[in-house]
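Colleague: My structure is in start21.txt, and what it holds is compact mmCIF, N, CA and C atoms:
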```
# COMPACT_ATOMS: atom_id res chain seq x y z
N MET A 30 116.50 79.48 43.24
CA MET A 30 117.78 79.73 42.58
C MET A 30 118.65 78.48 42.76
N SER A 31 119.23 78.04 41.67
CA SER A 31 120.05 76.83 41.72
C SER A 31 121.41 77.14 42.37
N LEU A 32 122.06 76.09 42.75
CA LEU A 32 123.37 76.23 43.39
C LEU A 32 124.35 76.90 42.43
N LYS A 33 124.28 76.52 41.16
CA LYS A 33 125.18 77.10 40.15
C LYS A 33 124.94 78.61 40.01
N GLU A 34 123.68 79.03 39.93
CA GLU A 34 123.35 80.45 39.79
C GLU A 34 123.75 81.23 41.04
N GLU A 35 123.51 80.62 42.19
CA GLU A 35 123.87 81.28 43.45
C GLU A 35 125.38 81.46 43.57
N PHE A 36 126.15 80.43 43.17
CA PHE A 36 127.61 80.54 43.20
C PHE A 36 128.10 81.60 42.22
N LYS A 37 127.50 81.63 41.02
CA LYS A 37 127.89 82.62 40.01
C LYS A 37 127.63 84.03 40.54
N LYS A 38 126.50 84.23 41.17
CA LYS A 38 126.18 85.55 41.75
C LYS A 38 127.18 85.92 42.83
N PHE A 39 127.54 84.94 43.66
CA PHE A 39 128.51 85.18 44.73
C PHE A 39 129.89 85.50 44.16
N ALA A 40 130.34 84.70 43.21
CA ALA A 40 131.70 84.83 42.68
C ALA A 40 131.90 86.11 41.89
N LEU A 41 130.85 86.63 41.30
CA LEU A 41 130.98 87.82 40.46
C LEU A 41 130.71 89.12 41.21
N ARG A 42 130.45 89.04 42.49
CA ARG A 42 130.27 90.27 43.27
C ARG A 42 131.60 90.98 43.40
N GLY A 43 131.55 92.28 43.60
CA GLY A 43 132.75 93.10 43.71
C GLY A 43 133.63 92.73 44.89
N ASN A 44 133.04 92.32 45.99
CA ASN A 44 133.82 92.01 47.19
C ASN A 44 134.77 90.84 46.96
N VAL A 45 134.34 89.85 46.19
CA VAL A 45 135.19 88.69 45.94
C VAL A 45 136.40 89.11 45.10
N ALA A 46 136.17 89.94 44.09
CA ALA A 46 137.28 90.41 43.26
C ALA A 46 138.24 91.26 44.08
N ASP A 47 137.70 92.12 44.93
CA ASP A 47 138.54 92.95 45.79
C ASP A 47 139.38 92.08 46.72
N LEU A 48 138.77 91.04 47.26
CA LEU A 48 139.49 90.14 48.15
C LEU A 48 140.61 89.42 47.40
N ALA A 49 140.34 88.99 46.18
CA ALA A 49 141.36 88.31 45.39
C ALA A 49 142.54 89.23 45.12
N VAL A 50 142.26 90.47 44.76
CA VAL A 50 143.33 91.45 44.53
C VAL A 50 144.12 91.67 45.81
N GLY A 51 143.43 91.78 46.93
CA GLY A 51 144.10 91.98 48.22
C GLY A 51 145.01 90.82 48.57
N VAL A 52 144.56 89.61 48.31
CA VAL A 52 145.38 88.43 48.62
C VAL A 52 146.63 88.41 47.75
N ILE A 53 146.47 88.71 46.47
CA ILE A 53 147.62 88.70 45.55
C ILE A 53 148.63 89.78 45.94
N ILE A 54 148.14 90.98 46.22
CA ILE A 54 149.04 92.06 46.63
C ILE A 54 149.67 91.73 47.98
N GLY A 55 148.91 91.13 48.88
CA GLY A 55 149.44 90.75 50.18
C GLY A 55 150.56 89.73 50.07
N ALA A 56 150.41 88.78 49.16
CA ALA A 56 151.47 87.78 48.97
C ALA A 56 152.73 88.44 48.42
N SER A 57 152.56 89.35 47.48
CA SER A 57 153.72 90.06 46.93
C SER A 57 154.38 90.91 48.01
N PHE A 58 153.58 91.58 48.81
CA PHE A 58 154.11 92.40 49.88
C PHE A 58 154.85 91.54 50.90
N GLY A 59 154.33 90.34 51.16
CA GLY A 59 155.01 89.43 52.07
C GLY A 59 156.39 89.04 51.57
N ALA A 60 156.52 88.84 50.27
CA ALA A 60 157.83 88.50 49.70
C ALA A 60 158.79 89.67 49.84
N ILE A 61 158.28 90.88 49.66
CA ILE A 61 159.13 92.07 49.82
C ILE A 61 159.61 92.19 51.26
N VAL A 62 158.69 91.99 52.21
CA VAL A 62 159.06 92.11 53.62
C VAL A 62 160.04 91.00 54.01
N LYS A 63 159.83 89.80 53.48
CA LYS A 63 160.76 88.70 53.78
C LYS A 63 162.17 89.06 53.31
N SER A 64 162.26 89.61 52.11
CA SER A 64 163.57 90.01 51.59
C SER A 64 164.15 91.15 52.44
N LEU A 65 163.32 92.08 52.84
CA LEU A 65 163.77 93.19 53.69
C LEU A 65 164.38 92.66 54.98
N VAL A 66 163.68 91.74 55.61
CA VAL A 66 164.16 91.20 56.88
C VAL A 66 165.42 90.37 56.69
N GLU A 67 165.39 89.41 55.74
CA GLU A 67 166.51 88.48 55.58
C GLU A 67 167.73 89.12 54.93
N ASP A 68 167.52 90.07 54.03
CA ASP A 68 168.64 90.61 53.25
C ASP A 68 169.13 91.97 53.72
N ILE A 69 168.30 92.72 54.43
CA ILE A 69 168.69 94.08 54.80
C ILE A 69 168.78 94.28 56.31
N ILE A 70 167.78 93.81 57.05
CA ILE A 70 167.75 94.07 58.50
C ILE A 70 168.62 93.09 59.29
N MET A 71 168.48 91.80 59.01
CA MET A 71 169.18 90.80 59.82
C MET A 71 170.70 90.77 59.63
N PRO A 72 171.24 90.98 58.42
CA PRO A 72 172.71 90.96 58.31
C PRO A 72 173.42 92.01 59.17
N PRO A 73 173.00 93.29 59.17
CA PRO A 73 173.68 94.23 60.07
C PRO A 73 173.44 93.91 61.54
N LEU A 74 172.23 93.42 61.86
CA LEU A 74 171.95 93.05 63.25
C LEU A 74 172.84 91.89 63.66
N GLY A 75 173.00 90.91 62.79
CA GLY A 75 173.90 89.79 63.08
C GLY A 75 175.34 90.24 63.20
N TYR A 76 175.75 91.19 62.37
CA TYR A 76 177.12 91.72 62.43
C TYR A 76 177.37 92.41 63.76
N VAL A 77 176.40 93.22 64.20
CA VAL A 77 176.54 93.93 65.48
C VAL A 77 176.62 92.93 66.64
N LEU A 78 175.91 91.83 66.51
CA LEU A 78 175.89 90.83 67.57
C LEU A 78 177.01 89.80 67.45
N GLY A 79 177.98 90.05 66.57
CA GLY A 79 179.14 89.17 66.48
C GLY A 79 179.10 88.22 65.31
N ASN A 80 178.76 88.73 64.14
CA ASN A 80 178.71 87.92 62.91
C ASN A 80 177.80 86.71 63.03
N VAL A 81 176.60 86.92 63.54
CA VAL A 81 175.63 85.85 63.70
C VAL A 81 174.66 85.90 62.52
N ASP A 82 174.46 84.74 61.87
CA ASP A 82 173.45 84.63 60.82
C ASP A 82 172.22 83.98 61.46
N PHE A 83 171.20 84.78 61.70
CA PHE A 83 170.02 84.30 62.43
C PHE A 83 169.33 83.13 61.74
N SER A 84 169.35 83.12 60.40
CA SER A 84 168.64 82.06 59.70
C SER A 84 169.25 80.69 59.93
N HIS A 85 170.48 80.63 60.42
CA HIS A 85 171.14 79.35 60.64
C HIS A 85 171.30 79.02 62.13
N LEU A 86 170.60 79.72 63.00
CA LEU A 86 170.66 79.40 64.43
C LEU A 86 169.68 78.27 64.73
N TYR A 87 170.15 77.28 65.44
CA TYR A 87 169.29 76.15 65.76
C TYR A 87 169.75 75.51 67.06
N PHE A 88 168.87 74.69 67.60
CA PHE A 88 169.15 73.96 68.82
C PHE A 88 168.82 72.49 68.56
N ILE A 89 169.74 71.59 68.93
CA ILE A 89 169.52 70.16 68.68
C ILE A 89 168.77 69.55 69.86
N LEU A 90 167.61 68.99 69.55
CA LEU A 90 166.85 68.26 70.57
C LEU A 90 167.32 66.82 70.69
N LYS A 91 167.57 66.21 69.53
CA LYS A 91 167.99 64.81 69.50
C LYS A 91 169.00 64.64 68.37
N PRO A 92 170.16 64.08 68.65
CA PRO A 92 171.15 63.86 67.59
C PRO A 92 170.60 62.95 66.50
N GLY A 93 171.22 63.07 65.34
CA GLY A 93 170.78 62.28 64.19
C GLY A 93 171.07 60.81 64.33
N THR A 94 170.32 60.02 63.61
CA THR A 94 170.51 58.57 63.63
C THR A 94 171.50 58.13 62.57
N LYS A 95 171.70 58.97 61.54
CA LYS A 95 172.61 58.60 60.46
C LYS A 95 174.06 58.95 60.80
N ALA A 96 174.26 60.04 61.51
CA ALA A 96 175.62 60.45 61.89
C ALA A 96 175.55 61.19 63.22
N ALA A 97 176.54 60.94 64.06
CA ALA A 97 176.58 61.61 65.36
C ALA A 97 177.15 63.02 65.19
N GLY A 98 176.79 63.92 66.11
CA GLY A 98 177.27 65.30 66.06
C GLY A 98 178.69 65.38 66.54
N PRO A 99 179.31 66.49 66.64
CA PRO A 99 178.70 67.80 66.41
C PRO A 99 178.55 68.08 64.92
N TYR A 100 177.56 68.93 64.61
CA TYR A 100 177.25 69.27 63.22
C TYR A 100 177.75 70.68 62.94
N VAL A 101 178.38 70.87 61.81
CA VAL A 101 178.94 72.17 61.45
C VAL A 101 177.83 73.13 61.05
N THR A 102 176.88 72.62 60.29
CA THR A 102 175.79 73.48 59.82
C THR A 102 174.45 72.84 60.13
N MET A 103 173.41 73.65 59.99
CA MET A 103 172.06 73.15 60.21
C MET A 103 171.73 72.11 59.13
N ALA A 104 172.21 72.31 57.93
CA ALA A 104 171.97 71.34 56.85
C ALA A 104 172.60 69.99 57.18
N ASP A 105 173.78 70.01 57.81
CA ASP A 105 174.42 68.75 58.22
C ASP A 105 173.57 68.04 59.27
N ALA A 106 173.05 68.80 60.21
CA ALA A 106 172.22 68.21 61.26
C ALA A 106 170.95 67.61 60.68
N GLU A 107 170.32 68.35 59.73
CA GLU A 107 169.11 67.83 59.10
C GLU A 107 169.41 66.58 58.28
N ALA A 108 170.54 66.58 57.56
CA ALA A 108 170.91 65.43 56.75
C ALA A 108 171.18 64.20 57.61
N ALA A 109 171.68 64.42 58.82
CA ALA A 109 171.96 63.31 59.73
C ALA A 109 170.70 62.81 60.43
N GLY A 110 169.58 63.52 60.23
CA GLY A 110 168.33 63.10 60.84
C GLY A 110 168.13 63.63 62.25
N ALA A 111 168.87 64.68 62.61
CA ALA A 111 168.73 65.26 63.95
C ALA A 111 167.40 66.01 64.05
N VAL A 112 166.86 66.00 65.26
CA VAL A 112 165.65 66.77 65.53
C VAL A 112 166.12 68.12 66.05
N ILE A 113 165.77 69.19 65.32
CA ILE A 113 166.28 70.51 65.68
C ILE A 113 165.15 71.53 65.79
N ILE A 114 165.41 72.57 66.56
CA ILE A 114 164.52 73.73 66.66
C ILE A 114 165.23 74.88 65.97
N LYS A 115 164.60 75.43 64.95
CA LYS A 115 165.20 76.51 64.16
C LYS A 115 164.75 77.86 64.73
N TYR A 116 165.33 78.27 65.85
CA TYR A 116 164.90 79.50 66.48
C TYR A 116 165.35 80.74 65.73
N GLY A 117 166.39 80.64 64.92
CA GLY A 117 166.82 81.77 64.11
C GLY A 117 165.82 82.08 63.01
N ALA A 118 165.33 81.05 62.35
CA ALA A 118 164.30 81.24 61.32
C ALA A 118 163.03 81.80 61.95
N PHE A 119 162.73 81.35 63.16
CA PHE A 119 161.55 81.87 63.87
C PHE A 119 161.74 83.36 64.17
N ALA A 120 162.94 83.77 64.57
CA ALA A 120 163.21 85.19 64.82
C ALA A 120 163.00 86.01 63.56
N ASN A 121 163.46 85.51 62.42
CA ASN A 121 163.24 86.20 61.15
C ASN A 121 161.74 86.35 60.86
N THR A 122 160.99 85.30 61.11
CA THR A 122 159.55 85.32 60.84
C THR A 122 158.84 86.31 61.76
N VAL A 123 159.23 86.36 63.03
CA VAL A 123 158.62 87.31 63.96
C VAL A 123 158.91 88.75 63.54
N ILE A 124 160.13 89.02 63.14
CA ILE A 124 160.47 90.37 62.69
C ILE A 124 159.69 90.73 61.43
N SER A 125 159.55 89.78 60.51
CA SER A 125 158.75 90.01 59.31
C SER A 125 157.31 90.33 59.68
N PHE A 126 156.76 89.58 60.61
CA PHE A 126 155.39 89.82 61.06
C PHE A 126 155.23 91.21 61.65
N LEU A 127 156.19 91.61 62.48
CA LEU A 127 156.10 92.93 63.10
C LEU A 127 156.17 94.04 62.05
N ILE A 128 156.99 93.87 61.04
CA ILE A 128 157.09 94.88 59.98
C ILE A 128 155.77 94.95 59.20
N VAL A 129 155.23 93.79 58.84
CA VAL A 129 153.97 93.77 58.09
C VAL A 129 152.85 94.38 58.94
N SER A 130 152.78 94.00 60.21
CA SER A 130 151.74 94.51 61.09
C SER A 130 151.83 96.02 61.23
N PHE A 131 153.03 96.53 61.41
CA PHE A 131 153.21 97.98 61.58
C PHE A 131 152.87 98.72 60.29
N THR A 132 153.25 98.14 59.15
CA THR A 132 152.93 98.77 57.87
C THR A 132 151.43 98.80 57.64
N ILE A 133 150.74 97.70 57.93
CA ILE A 133 149.29 97.67 57.78
C ILE A 133 148.64 98.65 58.74
N PHE A 134 149.15 98.74 59.96
CA PHE A 134 148.64 99.72 60.92
C PHE A 134 148.73 101.13 60.37
N LEU A 135 149.90 101.48 59.81
CA LEU A 135 150.06 102.83 59.25
C LEU A 135 149.12 103.07 58.07
N LEU A 136 148.93 102.04 57.24
CA LEU A 136 148.04 102.16 56.09
C LEU A 136 146.59 102.37 56.54
N ILE A 137 146.13 101.56 57.46
CA ILE A 137 144.75 101.67 57.96
C ILE A 137 144.56 103.00 58.67
N ARG A 138 145.57 103.44 59.38
CA ARG A 138 145.50 104.73 60.08
C ARG A 138 145.27 105.87 59.09
N GLN A 139 146.01 105.84 57.96
CA GLN A 139 145.84 106.88 56.94
C GLN A 139 144.48 106.78 56.27
N ILE A 140 144.01 105.57 56.02
CA ILE A 140 142.69 105.40 55.41
C ILE A 140 141.61 105.94 56.34
N ASN A 141 141.74 105.67 57.62
CA ASN A 141 140.75 106.17 58.59
C ASN A 141 140.77 107.69 58.67
N LYS A 142 141.95 108.29 58.55
CA LYS A 142 142.03 109.75 58.54
C LYS A 142 141.31 110.34 57.34
N LEU A 143 141.39 109.66 56.20
CA LEU A 143 140.72 110.13 55.00
C LEU A 143 139.20 109.95 55.10
N LYS A 144 138.77 108.90 55.79
CA LYS A 144 137.34 108.63 55.92
C LYS A 144 136.67 109.56 56.93
N ASP A 145 137.33 109.85 58.03
CA ASP A 145 136.73 110.67 59.08
C ASP A 145 136.61 112.11 58.60
N PRO A 146 135.39 112.63 58.62
CA PRO A 146 135.24 114.03 58.21
C PRO A 146 135.85 114.95 59.26
N VAL A 147 136.41 116.02 58.79
CA VAL A 147 136.99 116.99 59.70
C VAL A 147 135.84 117.78 60.30
N VAL A 148 135.74 117.75 61.61
CA VAL A 148 134.67 118.45 62.29
C VAL A 148 135.11 119.90 62.47
N ALA A 149 134.34 120.79 61.87
CA ALA A 149 134.67 122.20 61.99
C ALA A 149 134.33 122.67 63.39
N ALA A 150 135.21 123.48 63.92
CA ALA A 150 134.96 124.02 65.25
C ALA A 150 133.80 125.00 65.17
N GLY A 151 132.95 124.99 66.17
CA GLY A 151 131.81 125.91 66.19
C GLY A 151 132.28 127.34 66.41
N PRO A 152 131.35 128.25 66.31
CA PRO A 152 131.73 129.65 66.51
C PRO A 152 132.23 129.88 67.94
N SER A 153 133.11 130.85 68.07
CA SER A 153 133.65 131.16 69.39
C SER A 153 132.57 131.82 70.25
N ALA A 154 132.88 131.97 71.52
CA ALA A 154 131.92 132.56 72.46
C ALA A 154 131.60 134.00 72.05
N GLU A 155 132.60 134.73 71.57
CA GLU A 155 132.36 136.12 71.15
C GLU A 155 131.42 136.19 69.96
N VAL A 156 131.63 135.29 68.99
CA VAL A 156 130.77 135.28 67.80
C VAL A 156 129.34 134.92 68.20
N LYS A 157 129.17 133.97 69.11
CA LYS A 157 127.83 133.62 69.58
C LYS A 157 127.16 134.81 70.25
N LEU A 158 127.91 135.52 71.09
CA LEU A 158 127.35 136.68 71.78
C LEU A 158 126.97 137.76 70.78
N LEU A 159 127.82 138.04 69.80
CA LEU A 159 127.51 139.05 68.79
C LEU A 159 126.31 138.64 67.95
N THR A 160 126.18 137.34 67.66
CA THR A 160 125.01 136.86 66.91
C THR A 160 123.74 137.08 67.71
N GLU A 161 123.79 136.80 69.00
CA GLU A 161 122.61 137.03 69.85
C GLU A 161 122.25 138.51 69.90
N ILE A 162 123.26 139.36 70.00
CA ILE A 162 123.01 140.81 70.03
C ILE A 162 122.39 141.25 68.71
N ARG A 163 122.91 140.78 67.59
CA ARG A 163 122.37 141.13 66.28
C ARG A 163 120.93 140.68 66.15
N ASP A 164 120.65 139.45 66.60
CA ASP A 164 119.29 138.93 66.49
C ASP A 164 118.32 139.73 67.36
N SER A 165 118.74 140.14 68.57
CA SER A 165 117.84 140.93 69.43
C SER A 165 117.66 142.34 68.89
N LEU A 166 118.68 142.90 68.20
CA LEU A 166 118.52 144.23 67.61
C LEU A 166 117.55 144.19 66.43
N LYS A 167 117.52 143.06 65.72
CA LYS A 167 116.60 142.93 64.58
C LYS A 167 115.14 142.92 65.08
N LYS A 168 114.91 142.38 66.27
CA LYS A 168 113.56 142.30 66.81
C LYS A 168 113.14 143.68 67.23
```
Go through the file and emit its structure as C-alpha cells.

Modeller:
Amino acid sequence: MSLKEEFKKFALRGNVADLAVGVIIGASFGAIVKSLVEDIIMPPLGYVLGNVDFSHLYFILKPGTKAAGPYVTMADAEAAGAVIIKYGAFANTVISFLIVSFTIFLLIRQINKLKDPVVAAGPSAEVKLLTEIRDSLKK
C-alpha cells in the first residue's frame, strides 16, 4: 500500500472526523468559558474584593527602558518596555481551566452512567427459599 493510499485510509476513518468535530466544538466551548470567566465571574469577584480588575493585575520585574515608572496601566508598562508578570491574566486562565475541567467531568460522568448497565438486584432471600421449596415439591 502506497503512502498516499495509507494516508487516505487513515484520514477518512470515522475517528479522525470525530476528533475534528471535537476539536472545533472544544474551541467554541473554550471561547464561551473565556467570556463567562472574564465577563460574568471576574467582575463581581473584583467588585467584592474592592473594584479589582483581575485582567489588569501585574507585577513589574524590571522597569522599562523607554520610560521610567510608575506606570498607570499595564499597557503603559508594556509600551515602556517593562518586564512584567501578568498574574491577573493567569488567574483568569486558571479559573477558565477549572470551569472547563469541571464541565468535562460532569459530561463524562453522565456518559459513563449511560454506558454502565444497571445491575438488577438478585432475588431476595425469601424468594430464593420459596424457589427451593417449589423445586423440591416438584420432585

Colleague: Considering all atoms listed in the file, return as a ChimeraX atom specification whatever protein or nucleic-acid residues lie within 8 Å of region 71-87 of chain A, sequence-local ones (same chain, fewer than 3 positions apart) excluded.

Modeller: /A:64-68,90,102-104,113-121

Colleague: Quick one: residues within 8 Å of Pro92 (chain A), all atoms listed in the file counted, chain neighbours fewer than 2 positions away excluded, as number ranges by chain?

Modeller: A: 89-90, 94-98, 106, 109-113

Colleague: Limited to N, CA and C atoms, could you put the picked residues into a file as a PDB file, keeping the file's coordinate frame?

Modeller:
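Produced file again_13.pdb, reproduced below:
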```
ATOM      1  N   ILE A  89     169.740  71.590  68.930  1.00  0.00           N
ATOM      2  CA  ILE A  89     169.520  70.160  68.680  1.00  0.00           C
ATOM      3  C   ILE A  89     168.770  69.550  69.860  1.00  0.00           C
ATOM      4  N   LEU A  90     167.610  68.990  69.550  1.00  0.00           N
ATOM      5  CA  LEU A  90     166.850  68.260  70.570  1.00  0.00           C
ATOM      6  C   LEU A  90     167.320  66.820  70.690  1.00  0.00           C
ATOM      7  N   THR A  94     170.320  60.020  63.610  1.00  0.00           N
ATOM      8  CA  THR A  94     170.510  58.570  63.630  1.00  0.00           C
ATOM      9  C   THR A  94     171.500  58.130  62.570  1.00  0.00           C
ATOM     10  N   LYS A  95     171.700  58.970  61.540  1.00  0.00           N
ATOM     11  CA  LYS A  95     172.610  58.600  60.460  1.00  0.00           C
ATOM     12  C   LYS A  95     174.060  58.950  60.800  1.00  0.00           C
ATOM     13  N   ALA A  96     174.260  60.040  61.510  1.00  0.00           N
ATOM     14  CA  ALA A  96     175.620  60.450  61.890  1.00  0.00           C
ATOM     15  C   ALA A  96     175.550  61.190  63.220  1.00  0.00           C
ATOM     16  N   ALA A  97     176.540  60.940  64.060  1.00  0.00           N
ATOM     17  CA  ALA A  97     176.580  61.610  65.360  1.00  0.00           C
ATOM     18  C   ALA A  97     177.150  63.020  65.190  1.00  0.00           C
ATOM     19  N   GLY A  98     176.790  63.920  66.110  1.00  0.00           N
ATOM     20  CA  GLY A  98     177.270  65.300  66.060  1.00  0.00           C
ATOM     21  C   GLY A  98     178.690  65.380  66.540  1.00  0.00           C
ATOM     22  N   ALA A 106     173.050  68.800  60.210  1.00  0.00           N
ATOM     23  CA  ALA A 106     172.220  68.210  61.260  1.00  0.00           C
ATOM     24  C   ALA A 106     170.950  67.610  60.680  1.00  0.00           C
ATOM     25  N   ALA A 109     171.680  64.420  58.820  1.00  0.00           N
ATOM     26  CA  ALA A 109     171.960  63.310  59.730  1.00  0.00           C
ATOM     27  C   ALA A 109     170.700  62.810  60.430  1.00  0.00           C
ATOM     28  N   GLY A 110     169.580  63.520  60.230  1.00  0.00           N
ATOM     29  CA  GLY A 110     168.330  63.100  60.840  1.00  0.00           C
ATOM     30  C   GLY A 110     168.130  63.630  62.250  1.00  0.00           C
ATOM     31  N   ALA A 111     168.870  64.680  62.610  1.00  0.00           N
ATOM     32  CA  ALA A 111     168.730  65.260  63.950  1.00  0.00           C
ATOM     33  C   ALA A 111     167.400  66.010  64.050  1.00  0.00           C
ATOM     34  N   VAL A 112     166.860  66.000  65.260  1.00  0.00           N
ATOM     35  CA  VAL A 112     165.650  66.770  65.530  1.00  0.00           C
ATOM     36  C   VAL A 112     166.120  68.120  66.050  1.00  0.00           C
ATOM     37  N   ILE A 113     165.770  69.190  65.320  1.00  0.00           N
ATOM     38  CA  ILE A 113     166.280  70.510  65.680  1.00  0.00           C
ATOM     39  C   ILE A 113     165.150  71.530  65.790  1.00  0.00           C
TER      40      ILE A 113
END
```

Colleague: How far is it from atom C of Ile137 (chain A) to atom C of Ala60 (chain A), in Å with one decimal?

Modeller: 21.4 Å

Colleague: Running DSSP on the backbone, which parts of region 36-166 of chain A land in alpha helix (DSSP H), as a PyMOL selection string?

Modeller: chain A and resi 36-40+43-64+71-77+103-108+116-144+154-166

Colleague: Would you list, as a ChimeraX atom specification, the residues of chain A that end up in strand (DSSP E) under DSSP run on this structure's backbone?

Modeller: /A:88-91,112-114

Colleague: Take the residues just selected and output them with N, CA and C atoms as a PDB file, in the coordinates of the input.

Modeller:
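Result went into again.pdb, see below:
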```pdb
ATOM      1  N   PHE A  88     168.870  74.690  67.600  1.00  0.00           N
ATOM      2  CA  PHE A  88     169.150  73.960  68.820  1.00  0.00           C
ATOM      3  C   PHE A  88     168.820  72.490  68.560  1.00  0.00           C
ATOM      4  N   ILE A  89     169.740  71.590  68.930  1.00  0.00           N
ATOM      5  CA  ILE A  89     169.520  70.160  68.680  1.00  0.00           C
ATOM      6  C   ILE A  89     168.770  69.550  69.860  1.00  0.00           C
ATOM      7  N   LEU A  90     167.610  68.990  69.550  1.00  0.00           N
ATOM      8  CA  LEU A  90     166.850  68.260  70.570  1.00  0.00           C
ATOM      9  C   LEU A  90     167.320  66.820  70.690  1.00  0.00           C
ATOM     10  N   LYS A  91     167.570  66.210  69.530  1.00  0.00           N
ATOM     11  CA  LYS A  91     167.990  64.810  69.500  1.00  0.00           C
ATOM     12  C   LYS A  91     169.000  64.640  68.370  1.00  0.00           C
ATOM     13  N   VAL A 112     166.860  66.000  65.260  1.00  0.00           N
ATOM     14  CA  VAL A 112     165.650  66.770  65.530  1.00  0.00           C
ATOM     15  C   VAL A 112     166.120  68.120  66.050  1.00  0.00           C
ATOM     16  N   ILE A 113     165.770  69.190  65.320  1.00  0.00           N
ATOM     17  CA  ILE A 113     166.280  70.510  65.680  1.00  0.00           C
ATOM     18  C   ILE A 113     165.150  71.530  65.790  1.00  0.00           C
ATOM     19  N   ILE A 114     165.410  72.570  66.560  1.00  0.00           N
ATOM     20  CA  ILE A 114     164.520  73.730  66.660  1.00  0.00           C
ATOM     21  C   ILE A 114     165.230  74.880  65.970  1.00  0.00           C
TER      22      ILE A 114
END
```

Colleague: So what do you get for atom C of Phe88 (chain A) versus atom C of Asp105 (chain A), distance-wise?

Modeller: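 One can read the atom C of Phe88 (chain A) to atom C of Asp105 (chain A) distance as 11.3 Å.
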
Colleague: So how many Å separate atom N of Phe58 (chain A) and CA of Val129 (chain A), to one decimal?

Modeller: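 Computed distance, atom N of Phe58 (chain A) to CA of Val129 (chain A), equals 9.5 Å.
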